[in-house]
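Q: See data_10.tsv below, with TSV, C-alpha atoms.
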chain	number	residue	atom	x	y	z
T	1	MET	CA	11.70	18.28	-3.10
T	2	THR	CA	15.09	19.30	-1.71
T	3	LEU	CA	13.53	22.59	-0.54
T	4	LEU	CA	10.72	20.78	1.29
T	5	GLN	CA	13.19	18.37	2.90
T	6	GLY	CA	15.25	21.32	4.06
T	7	LEU	CA	12.22	23.14	5.46
T	8	ALA	CA	11.21	19.94	7.27
T	9	VAL	CA	14.67	19.74	8.87
T	10	LEU	CA	14.50	23.42	9.94
T	11	LEU	CA	11.03	22.95	11.48
T	12	LEU	CA	12.11	19.72	13.19
T	13	CYS	CA	15.10	21.52	14.73
T	14	GLN	CA	12.90	24.41	15.84
T	15	SER	CA	10.36	21.99	17.39
T	16	ALA	CA	13.13	20.07	19.15
T	17	GLY	CA	14.50	23.42	20.37
T	18	GLU	CA	11.09	24.50	21.72
T	19	ALA	CA	10.62	21.13	23.44
T	20	LEU	CA	14.12	21.22	24.95
T	21	ALA	CA	13.71	24.81	26.19
T	22	ARG	CA	10.48	23.92	27.99
T	23	LEU	CA	11.45	20.51	29.34
T	24	ALA	CA	14.88	21.60	30.60
T	25	HIS	CA	13.77	25.15	31.59
T	26	LEU	CA	16.60	26.67	29.56
T	27	PRO	CA	16.76	30.48	29.23
T	28	LEU	CA	17.29	30.23	25.44
T	29	PRO	CA	14.39	30.71	22.96
T	30	GLY	CA	13.34	27.61	20.98
T	31	PRO	CA	14.62	28.80	17.56
T	32	VAL	CA	18.03	29.60	19.06
T	33	LEU	CA	18.32	26.10	20.53
T	34	GLY	CA	17.10	24.82	17.17
T	35	MET	CA	19.94	26.72	15.47
T	36	LEU	CA	22.50	25.13	17.83
T	37	LEU	CA	20.96	21.67	17.29
T	38	LEU	CA	21.09	22.14	13.50
T	39	GLY	CA	24.74	23.21	13.77
T	40	GLY	CA	25.47	19.84	15.37
T	41	ALA	CA	23.21	17.89	12.99
T	42	LEU	CA	25.04	19.28	9.92
T	43	ALA	CA	27.92	16.96	10.76
T	44	TRP	CA	25.71	14.36	9.04
T	45	ALA	CA	26.44	14.99	5.35
T	46	PRO	CA	23.05	13.95	3.78
T	47	LEU	CA	21.38	16.89	5.59
T	48	ARG	CA	23.61	19.54	4.03
T	49	GLU	CA	22.15	19.93	0.53
T	50	PRO	CA	18.49	20.18	1.66
T	51	VAL	CA	19.40	22.55	4.52
T	52	ARG	CA	21.48	24.72	2.18
T	53	THR	CA	18.57	25.07	-0.27
T	54	ALA	CA	16.01	25.98	2.42
T	55	ALA	CA	18.35	28.20	4.46
T	56	GLU	CA	19.59	30.20	1.48
T	57	GLY	CA	16.02	30.71	0.28
T	58	LEU	CA	14.82	31.92	3.68
T	59	LEU	CA	17.84	34.10	4.50
T	60	GLN	CA	17.80	35.72	1.06
T	61	HIS	CA	14.43	37.27	1.94
T	62	LEU	CA	15.13	37.74	5.64
T	63	SER	CA	14.18	41.43	5.61
T	64	LEU	CA	10.64	40.66	4.35
T	65	LEU	CA	10.00	38.64	7.52
T	66	PHE	CA	10.33	41.78	9.68
T	67	VAL	CA	7.60	43.70	7.86
T	68	PRO	CA	4.55	42.38	9.82
T	69	VAL	CA	6.15	43.32	13.16
T	70	GLY	CA	7.35	46.66	11.77
T	71	VAL	CA	3.85	47.65	10.66
T	72	GLY	CA	2.92	47.22	14.35
T	73	VAL	CA	4.48	50.65	14.87
T	74	MET	CA	1.04	52.05	13.99
T	75	THR	CA	-0.47	50.56	17.17
T	76	HIS	CA	1.87	52.62	19.37
T	77	MET	CA	1.17	56.02	17.85
T	78	ALA	CA	0.02	57.52	21.19
T	79	LEU	CA	3.25	56.54	22.93
T	80	LEU	CA	5.35	57.56	19.93
T	81	SER	CA	3.71	60.97	19.54
T	82	GLU	CA	4.46	61.68	23.20
T	83	PHE	CA	8.02	60.29	23.37
T	84	GLY	CA	8.81	59.82	19.64
T	85	GLY	CA	11.66	62.34	19.42
T	86	ARG	CA	13.42	61.04	22.51
T	87	ILE	CA	12.91	57.40	21.50
T	88	ALA	CA	14.31	58.15	18.04
T	89	LEU	CA	17.36	59.85	19.56
T	90	ALA	CA	18.00	56.90	21.90
T	91	LEU	CA	17.55	54.36	19.06
T	92	VAL	CA	19.76	56.15	16.54
T	93	LEU	CA	22.62	57.07	18.90
T	94	SER	CA	22.72	53.64	20.58
T	95	THR	CA	22.74	51.87	17.22
T	96	TRP	CA	25.70	53.98	16.10
T	97	VAL	CA	27.47	53.24	19.41
T	98	GLY	CA	26.83	49.50	18.92
T	99	LEU	CA	28.01	49.54	15.28
T	100	ALA	CA	31.16	51.52	16.08
T	101	VAL	CA	32.13	49.53	19.20
T	102	SER	CA	31.70	46.11	17.59
T	103	ALA	CA	33.49	47.18	14.39
T	104	LEU	CA	36.42	48.82	16.22
T	105	VAL	CA	36.83	45.93	18.69
T	106	LEU	CA	36.76	43.36	15.90
T	107	ARG	CA	39.21	45.32	13.75
T	108	ALA	CA	41.60	45.63	16.69
T	109	THR	CA	41.37	41.95	17.69
T	110	LEU	CA	41.60	40.59	14.13
T	111	LYS	CA	44.83	42.49	13.50
T	112	GLY	CA	46.77	39.40	14.65
T	113	PRO	CA	49.19	37.75	12.17
T	114	ALA	CA	46.92	34.69	11.86
T	115	THR	CA	44.33	36.47	9.69
T	116	PRO	CA	46.04	38.20	6.78
T	117	ALA	CA	43.08	37.36	4.51
T	118	ASN	CA	40.95	39.90	6.33
T	119	GLN	CA	43.23	42.85	5.86
T	120	ASP	CA	42.23	43.48	2.26
T	121	ALA	CA	39.28	45.45	0.80
Q	1	MET	CA	-19.69	51.68	-6.00
Q	2	ARG	CA	-21.67	50.00	-3.22
Q	3	ASP	CA	-20.62	46.61	-4.54
Q	4	PHE	CA	-17.03	47.77	-4.48
Q	5	VAL	CA	-17.32	48.92	-0.87
Q	6	GLN	CA	-18.86	45.59	0.13
Q	7	LEU	CA	-16.13	43.71	-1.68
Q	8	TRP	CA	-13.45	45.77	0.09
Q	9	VAL	CA	-15.09	45.21	3.49
Q	10	TYR	CA	-15.10	41.48	2.82
Q	11	LEU	CA	-11.59	41.21	1.38
Q	12	SER	CA	-9.90	43.46	3.94
Q	13	ALA	CA	-11.16	41.20	6.74
Q	14	THR	CA	-9.73	37.97	5.30
Q	15	PRO	CA	-6.16	36.75	5.94
Q	16	LEU	CA	-5.66	37.00	2.17
Q	17	PHE	CA	-5.53	40.81	2.45
Q	18	GLY	CA	-2.66	41.06	4.95
Q	19	LEU	CA	-0.59	38.47	3.13
Q	20	THR	CA	-1.17	39.93	-0.34
Q	21	ALA	CA	-0.64	43.54	0.76
Q	22	THR	CA	2.65	42.64	2.48
Q	23	LEU	CA	4.06	40.67	-0.42
Q	24	VAL	CA	2.96	43.06	-3.19
Q	25	THR	CA	4.22	46.15	-1.33
Q	26	TYR	CA	7.54	44.45	-0.56
Q	27	VAL	CA	8.03	43.35	-4.17
Q	28	LEU	CA	7.39	46.92	-5.37
Q	29	ALA	CA	9.77	48.35	-2.71
Q	30	GLN	CA	12.40	45.79	-3.74
Q	31	MET	CA	12.07	46.84	-7.40
Q	32	LEU	CA	12.56	50.49	-6.42
Q	33	TYR	CA	15.59	49.50	-4.30
Q	34	GLN	CA	17.17	47.72	-7.30
Q	35	ARG	CA	16.33	50.64	-9.60
Q	36	VAL	CA	18.29	53.11	-7.45
Q	37	GLY	CA	21.31	50.81	-7.17
Q	38	GLN	CA	20.50	49.54	-3.64
Q	39	ALA	CA	21.00	52.96	-2.09
Q	40	PRO	CA	20.69	52.66	1.74
Q	41	TRP	CA	17.88	55.28	1.94
Q	42	ALA	CA	15.70	53.14	-0.34
Q	43	ASN	CA	15.67	50.26	2.19
Q	44	PRO	CA	12.75	48.01	1.16
Q	45	VAL	CA	11.67	47.20	4.76
Q	46	LEU	CA	11.49	50.91	5.62
Q	47	TRP	CA	9.29	51.81	2.65
Q	48	THR	CA	7.13	48.68	2.89
Q	49	VAL	CA	6.40	49.38	6.58
Q	50	LEU	CA	5.62	53.06	5.89
Q	51	ALA	CA	3.39	52.27	2.89
Q	52	LEU	CA	1.47	49.53	4.70
Q	53	ALA	CA	1.00	51.62	7.87
Q	54	ALA	CA	-0.35	54.45	5.69
Q	55	LEU	CA	-2.61	52.06	3.76
Q	56	LEU	CA	-4.05	50.54	6.95
Q	57	SER	CA	-4.56	53.94	8.59
Q	58	LEU	CA	-6.23	55.47	5.53
Q	59	SER	CA	-8.52	52.47	4.98
Q	60	GLY	CA	-9.32	52.17	8.68
Q	61	THR	CA	-8.12	48.54	8.81
Q	62	PRO	CA	-7.12	47.51	12.37
Q	63	TYR	CA	-3.65	46.03	12.85
Q	64	PRO	CA	-4.96	42.65	14.17
Q	65	THR	CA	-6.95	42.21	10.93
Q	66	TYR	CA	-3.82	42.87	8.91
Q	67	PHE	CA	-1.75	40.58	11.12
Q	68	SER	CA	-4.19	37.66	10.69
Q	69	GLY	CA	-2.77	37.43	7.15
Q	70	ALA	CA	0.74	38.74	7.72
Q	71	GLN	CA	1.32	36.18	10.50
Q	72	PHE	CA	2.16	33.57	7.85
Q	73	ILE	CA	5.20	35.66	6.90
Q	74	HIS	CA	5.94	36.50	10.55
Q	75	PHE	CA	5.97	32.80	11.44
Q	76	LEU	CA	8.95	32.20	9.14
Q	77	LEU	CA	11.21	34.24	11.48
Q	78	GLY	CA	11.54	31.12	13.66
Q	79	PRO	CA	12.81	28.79	10.92
Q	80	ALA	CA	14.97	31.69	9.63
Q	81	VAL	CA	16.76	31.89	12.99
Q	82	VAL	CA	17.33	28.10	12.81
Q	83	ALA	CA	18.60	28.53	9.24
Q	84	LEU	CA	21.41	30.81	10.48
Q	85	ALA	CA	23.20	27.59	11.44
Q	86	TRP	CA	24.00	27.13	7.74
Q	87	PRO	CA	26.19	30.23	7.03
Q	88	MET	CA	27.94	29.60	10.36
Q	89	TRP	CA	28.57	25.93	9.59
Q	90	GLN	CA	30.03	26.87	6.20
Q	91	ARG	CA	32.62	29.08	7.91
Q	92	ARG	CA	33.30	26.86	10.90
Q	93	ALA	CA	37.08	26.69	10.27
Q	94	GLN	CA	37.37	30.50	10.21
Q	95	LEU	CA	35.12	30.77	13.24
Q	96	ARG	CA	37.20	28.36	15.28
Q	97	GLN	CA	40.28	30.43	14.44
Q	98	GLN	CA	38.68	33.84	15.09
Q	99	GLY	CA	36.28	32.69	17.79
Q	100	LEU	CA	37.68	34.77	20.64
Q	101	ALA	CA	37.92	37.99	18.60
Q	102	LEU	CA	34.34	37.56	17.38
Q	103	LEU	CA	33.06	36.77	20.85
Q	104	ALA	CA	34.79	39.87	22.28
Q	105	ALA	CA	33.42	42.12	19.51
Q	106	GLY	CA	29.90	40.67	19.81
Q	107	LEU	CA	29.84	41.03	23.57
Q	108	ALA	CA	31.28	44.58	23.54
Q	109	GLY	CA	28.96	45.71	20.72
Q	110	GLY	CA	25.83	44.16	22.24
Q	111	VAL	CA	26.44	45.56	25.72
Q	112	ALA	CA	27.36	48.98	24.26
Q	113	ALA	CA	24.21	49.11	22.09
Q	114	GLY	CA	21.74	47.93	24.75
Q	115	GLY	CA	23.44	49.82	27.59
Q	116	SER	CA	23.70	53.12	25.70
Q	117	ALA	CA	20.05	52.84	24.58
Q	118	VAL	CA	18.89	52.49	28.20
Q	119	ALA	CA	21.32	55.16	29.44
Q	120	ILE	CA	20.32	57.73	26.78
Q	121	GLY	CA	16.62	56.92	27.26
Q	122	TRP	CA	16.98	57.28	31.03
Q	123	ALA	CA	18.83	60.59	30.68
Q	124	LEU	CA	16.03	61.85	28.39
Q	125	GLY	CA	13.42	60.87	31.00
Q	126	LEU	CA	11.67	58.02	29.17
Q	127	PRO	CA	9.26	55.94	31.33
Q	128	GLY	CA	10.45	52.63	32.83
Q	129	GLU	CA	8.45	50.30	30.61
Q	130	VAL	CA	9.83	52.04	27.50
Q	131	LEU	CA	13.40	51.65	28.88
Q	132	ARG	CA	12.79	47.96	29.54
Q	133	SER	CA	11.52	47.57	25.97
Q	134	LEU	CA	14.62	49.40	24.64
Q	135	ALA	CA	17.14	47.11	26.36
Q	136	PRO	CA	16.90	44.12	23.95
Q	137	LYS	CA	16.58	46.27	20.80
Q	138	SER	CA	19.68	44.98	19.05
Q	139	VAL	CA	18.47	41.37	19.24
Q	140	THR	CA	16.33	40.08	16.39
Q	141	ALA	CA	12.60	40.90	16.84
Q	142	PRO	CA	11.08	37.56	17.96
Q	143	VAL	CA	13.81	37.07	20.58
Q	144	ALA	CA	13.66	40.74	21.67
Q	145	MET	CA	9.94	40.26	22.40
Q	146	GLY	CA	10.63	37.33	24.73
Q	147	ILE	CA	13.42	39.19	26.54
Q	148	ALA	CA	11.33	42.37	26.96
Q	149	GLU	CA	8.57	40.27	28.48
Q	150	GLN	CA	11.00	38.82	31.04
Q	151	LEU	CA	12.30	42.33	31.82
Q	152	GLY	CA	8.80	43.71	32.36
Q	153	GLY	CA	8.70	45.77	29.15
Q	154	ILE	CA	6.09	45.73	26.37
Q	155	PRO	CA	6.84	42.88	23.90
Q	156	ALA	CA	5.11	44.50	20.90
Q	157	LEU	CA	6.97	47.77	21.54
Q	158	ALA	CA	10.28	45.90	21.88
Q	159	ALA	CA	9.66	44.27	18.49
Q	160	VAL	CA	9.02	47.68	16.91
Q	161	PHE	CA	12.20	49.09	18.52
Q	162	ALA	CA	14.13	46.10	17.18
Q	163	VAL	CA	12.85	46.71	13.64
Q	164	LEU	CA	13.59	50.46	13.86
Q	165	THR	CA	17.10	49.68	15.18
Q	166	GLY	CA	17.63	47.34	12.25
Q	167	LEU	CA	16.56	50.08	9.85
Q	168	VAL	CA	18.86	52.69	11.44
Q	169	GLY	CA	21.82	50.35	10.98
Q	170	ALA	CA	20.89	49.30	7.45
Q	171	VAL	CA	20.31	52.89	6.30
Q	172	SER	CA	23.22	54.66	8.04
Q	173	GLY	CA	25.84	51.92	8.58
Q	174	LYS	CA	27.65	52.58	5.29
Q	175	TYR	CA	28.28	56.24	6.15
Q	176	LEU	CA	29.37	55.44	9.71
Q	177	PHE	CA	31.87	52.77	8.54
Q	178	ASP	CA	33.20	55.05	5.79
Q	179	GLY	CA	33.64	57.82	8.36
Q	180	LEU	CA	35.51	55.49	10.74
Q	181	ARG	CA	37.58	54.16	7.79
Q	182	ILE	CA	36.46	50.58	8.37
Q	183	ALA	CA	36.83	48.92	4.97
Q	184	ALA	CA	37.04	45.15	5.66
Q	185	TRP	CA	33.78	43.42	4.62
Q	186	PRO	CA	33.81	40.87	7.46
Q	187	VAL	CA	34.16	43.66	10.06
Q	188	ARG	CA	31.41	45.80	8.49
Q	189	GLY	CA	29.09	42.80	8.23
Q	190	PHE	CA	29.77	41.62	11.76
Q	191	ALA	CA	29.05	45.07	13.20
Q	192	LEU	CA	25.79	45.30	11.22
Q	193	GLY	CA	24.65	41.90	12.49
Q	194	THR	CA	25.61	42.83	16.06
Q	195	ALA	CA	23.95	46.25	16.28
Q	196	SER	CA	21.06	45.85	13.81
Q	197	HIS	CA	20.36	42.08	13.64
Q	198	GLY	CA	18.39	40.64	10.71
Q	199	ILE	CA	17.68	43.87	8.85
Q	200	GLY	CA	21.35	44.85	9.06
Q	201	ALA	CA	22.28	41.31	8.03
Q	202	ALA	CA	19.90	41.46	5.06
Q	203	ARG	CA	21.60	44.68	3.93
Q	204	ALA	CA	25.05	43.12	4.46
Q	205	LEU	CA	24.04	40.04	2.41
Q	206	GLN	CA	23.08	42.28	-0.51
Q	207	VAL	CA	26.30	44.28	-0.37
Q	208	HIS	CA	28.93	41.51	-0.14
Q	209	PRO	CA	28.84	37.73	0.59
Q	210	ASP	CA	31.60	37.98	3.25
Q	211	ALA	CA	29.75	40.82	4.98
Q	212	GLY	CA	26.55	38.75	4.84
Q	213	ALA	CA	28.10	35.64	6.38
Q	214	TYR	CA	29.67	37.56	9.26
Q	215	ALA	CA	26.43	39.48	9.79
Q	216	GLY	CA	24.49	36.21	10.05
Q	217	LEU	CA	27.04	34.92	12.50
Q	218	ALA	CA	26.89	38.12	14.59
Q	219	LEU	CA	23.10	37.99	14.64
Q	220	GLY	CA	23.15	34.42	15.92
Q	221	LEU	CA	25.81	35.29	18.49
Q	222	GLN	CA	23.75	38.26	19.77
Q	223	VAL	CA	20.73	36.01	20.21
Q	224	VAL	CA	22.72	33.45	22.22
Q	225	LEU	CA	24.58	36.08	24.29
Q	226	ALA	CA	21.42	38.08	25.03
Q	227	SER	CA	19.46	34.98	25.98
Q	228	LEU	CA	22.23	33.76	28.29
Q	229	LEU	CA	23.04	37.15	29.85
Q	230	MET	CA	19.44	38.22	30.41
Q	231	PRO	CA	18.96	36.18	33.62
Q	232	LEU	CA	22.03	38.03	34.99
Q	233	VAL	CA	20.59	41.41	34.00
Q	234	LEU	CA	17.30	40.42	35.64
Q	235	ARG	CA	19.11	39.60	38.85
Q	236	LEU	CA	20.90	42.97	38.71
Q	237	LEU	CA	17.59	44.78	38.16
Q	238	HIS	CA	16.19	43.13	41.27
Q	239	LEU	CA	19.07	44.58	43.26
Q	240	PHE	CA	17.86	48.12	42.54
Using the file provided, produce a representation of the structure as structure tokens.

A:
Amino acid sequence: MTLLQGLAVLLLCQSAGEALARLAHLPLPGPVLGMLLLGGALAWAPLREPVRTAAEGLLQHLSLLFVPVGVGVMTHMALLSEFGGRIALALVLSTWVGLAVSALVLRATLKGPATPANQDA
Amino acid sequence: MRDFVQLWVYLSATPLFGLTATLVTYVLAQMLYQRVGQAPWANPVLWTVLALAALLSLSGTPYPTYFSGAQFIHFLLGPAVVALAWPMWQRRAQLRQQGLALLAAGLAGGVAAGGSAVAIGWALGLPGEVLRSLAPKSVTAPVAMGIAEQLGGIPALAAVFAVLTGLVGAVSGKYLFDGLRIAAWPVRGFALGTASHGIGAARALQVHPDAGAYAGLALGLQVVLASLLMPLVLRLLHLF
């Protein structure tokens, strides 16, 4: 029951986010607005246990949710056979650049005295 | 044999097929991943996608037929993005304290990833619509599709690029961080969430809870930053 309540809250937030994005012509996608709305709504304590149950269940299997889109790679075989090598090079190098830049910037900025807990391991 | 063929023709056209094939293949890939001690190369999304693409190609099943079943799993991406509010809310005290550092790292990493993808692609002579589909690749797939559409790219291609980007990060991130001597779990997780969104975050969650929480946070931050900055990028594109 807690799981269903939590899922209901997530779907309500997503619906409210979709409605808000369309009515107010906001540049944010509905689920993102829903995430921000839920962040505010969690101030109300009775929501926390149901949301925790549903969120942990969903996020634990997050990678499964990308499979249907990933299989879509097969519909772009023509494009990929023509540009595949160059696309792969651009994807791999830019991902490494993104990983390295965000990690190095965060390590440099977190080195302040206020966060000793993050210096270990 | 003829009965079997008829049965296959019937079953492969129902939504049941796409849903069952996705779940069964993923469960098997997950078991293999556990068996080899969660080695990065055994990434369950990678092998599930490859196995399913091979299965569909060999059996001659069109992607839309598969997706009519798999869409039930795909739909959950929306609620999953909403659910990211939970790990963030749990760490709200830390976030308030480290907010500026995280914002700076998320912004720098996101711009570096998207910008270098377009720059490298442009230097290699990729066509414009492919470049436009590459730009939002470090944002989680459903959001990347929307952004690519606004930019004039191909949404389905952008989603595939996003998934491939996630896989690159999940498979190679460990070696890159070890090479750069980045040991702190929050930093490794945050970088994975920034540059390879949900698939990187899923990997981070499996490796260490701190890494997972910061990856979820980074993924959410990328989505918000990309959604807010995209109108600006659009305006810049119109200048050229």

Q: Using all atoms listed in the file, pick whichever of Q:Leu131, Q:Gly125, Q:Pro87, Q:Lys137 has the shortest atom-to-atom distance to Ala215 of chain Q.

A: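 When distances to Ala215 of chain Q are compared using all atoms listed in the file, the smallest one comes from Q:Pro87.
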
Q: Each residue of chain Q with at least one atom at most 6 Å from chain T should appear once, together with its nearest atom pair and the corresponding distance in Å (one decimal); atoms considered: only C-alpha atoms; ordering: chain, then increasing residue number; output as JSON lines.

A:
{"residue": "Q:Val49", "atom": "CA", "partner": "T:Val71", "partner_atom": "CA", "distance": 5.1}
{"residue": "Q:Ala53", "atom": "CA", "partner": "T:Val71", "partner_atom": "CA", "distance": 5.6}
{"residue": "Q:Ala70", "atom": "CA", "partner": "T:Pro68", "partner_atom": "CA", "distance": 5.7}
{"residue": "Q:Ile73", "atom": "CA", "partner": "T:Leu65", "partner_atom": "CA", "distance": 5.7}
{"residue": "Q:His74", "atom": "CA", "partner": "T:Leu65", "partner_atom": "CA", "distance": 5.5}
{"residue": "Q:Gly78", "atom": "CA", "partner": "T:Pro31", "partner_atom": "CA", "distance": 5.5}
{"residue": "Q:Pro79", "atom": "CA", "partner": "T:Leu10", "partner_atom": "CA", "distance": 5.7}
{"residue": "Q:Ala80", "atom": "CA", "partner": "T:Leu58", "partner_atom": "CA", "distance": 6.0}
{"residue": "Q:Val81", "atom": "CA", "partner": "T:Pro31", "partner_atom": "CA", "distance": 5.9}
{"residue": "Q:Val82", "atom": "CA", "partner": "T:Met35", "partner_atom": "CA", "distance": 4.0}
{"residue": "Q:Ala83", "atom": "CA", "partner": "T:Ala55", "partner_atom": "CA", "distance": 4.8}
{"residue": "Q:Ala85", "atom": "CA", "partner": "T:Gly39", "partner_atom": "CA", "distance": 5.2}
{"residue": "Q:Ala101", "atom": "CA", "partner": "T:Thr109", "partner_atom": "CA", "distance": 5.3}
{"residue": "Q:Ala105", "atom": "CA", "partner": "T:Ser102", "partner_atom": "CA", "distance": 4.8}
{"residue": "Q:Gly109", "atom": "CA", "partner": "T:Ser102", "partner_atom": "CA", "distance": 4.2}
{"residue": "Q:Ala112", "atom": "CA", "partner": "T:Gly98", "partner_atom": "CA", "distance": 5.4}
{"residue": "Q:Ala113", "atom": "CA", "partner": "T:Gly98", "partner_atom": "CA", "distance": 4.1}
{"residue": "Q:Ser116", "atom": "CA", "partner": "T:Ser94", "partner_atom": "CA", "distance": 5.2}
{"residue": "Q:Ala117", "atom": "CA", "partner": "T:Ser94", "partner_atom": "CA", "distance": 4.9}
{"residue": "Q:Ile120", "atom": "CA", "partner": "T:Ala90", "partner_atom": "CA", "distance": 5.5}
{"residue": "Q:Gly121", "atom": "CA", "partner": "T:Ala90", "partner_atom": "CA", "distance": 5.5}
{"residue": "Q:Val160", "atom": "CA", "partner": "T:Gly70", "partner_atom": "CA", "distance": 5.5}
{"residue": "Q:Val163", "atom": "CA", "partner": "T:Gly70", "partner_atom": "CA", "distance": 5.8}
{"residue": "Q:Ala183", "atom": "CA", "partner": "T:Ala121", "partner_atom": "CA", "distance": 6.0}
{"residue": "Q:Ala184", "atom": "CA", "partner": "T:Ala121", "partner_atom": "CA", "distance": 5.4}
{"residue": "Q:Val187", "atom": "CA", "partner": "T:Ala103", "partner_atom": "CA", "distance": 5.6}
{"residue": "Q:Ala191", "atom": "CA", "partner": "T:Leu99", "partner_atom": "CA", "distance": 5.0}
{"residue": "Q:Ala195", "atom": "CA", "partner": "T:Gly98", "partner_atom": "CA", "distance": 5.1}
{"residue": "Q:Ile199", "atom": "CA", "partner": "T:Ser63", "partner_atom": "CA", "distance": 5.4}
{"residue": "Q:Ala202", "atom": "CA", "partner": "T:Ser63", "partner_atom": "CA", "distance": 5.7}
{"residue": "Q:Ser227", "atom": "CA", "partner": "T:Leu28", "partner_atom": "CA", "distance": 5.3}

Q: Could you tell me how far atom CA of Gly18 of chain Q lies from atom CA of Ala159 of chain Q, in Å and to one decimal?

A: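 One can read the atom CA of Gly18 of chain Q to atom CA of Ala159 of chain Q distance as 18.6 Å.
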
Q: To one decimal place, how far is atom CA of Pro136 of chain Q from atom CA of Ala162 of chain Q in Å?

A: 7.6 Å

Q: Quick one: of Q:Thr22, Q:Ser68, Q:Gln94, Q:Ser59, who's nearest to Pro44 of chain Q, counting only C-alpha atoms?

A: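 With only C-alpha atoms as the atom set, the closest residue is Q:Thr22.
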
Q: With distances taken over all atoms listed in the file, which residue among Q:Gly114, Q:Gly216, Q:Pro209, Q:Pro64 lies nearest Ser12 of chain Q?

A: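 Closest residue, counting all atoms listed in the file: Q:Pro64.
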
Q: How far is it from atom CA of Ile154 of chain Q to atom CA of Pro15 of chain Q, in Å with one decimal?

A: 25.5 Å

Q: Out of Q:Gln38, Q:Thr14, Q:Ser133, Q:Gln150, which residue has the shortest atom-to-atom distance to Arg203 of chain Q when counting all atoms listed in the file?

A: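 That would be Q:Gln38, the residue with the smallest distance to Arg203 of chain Q.
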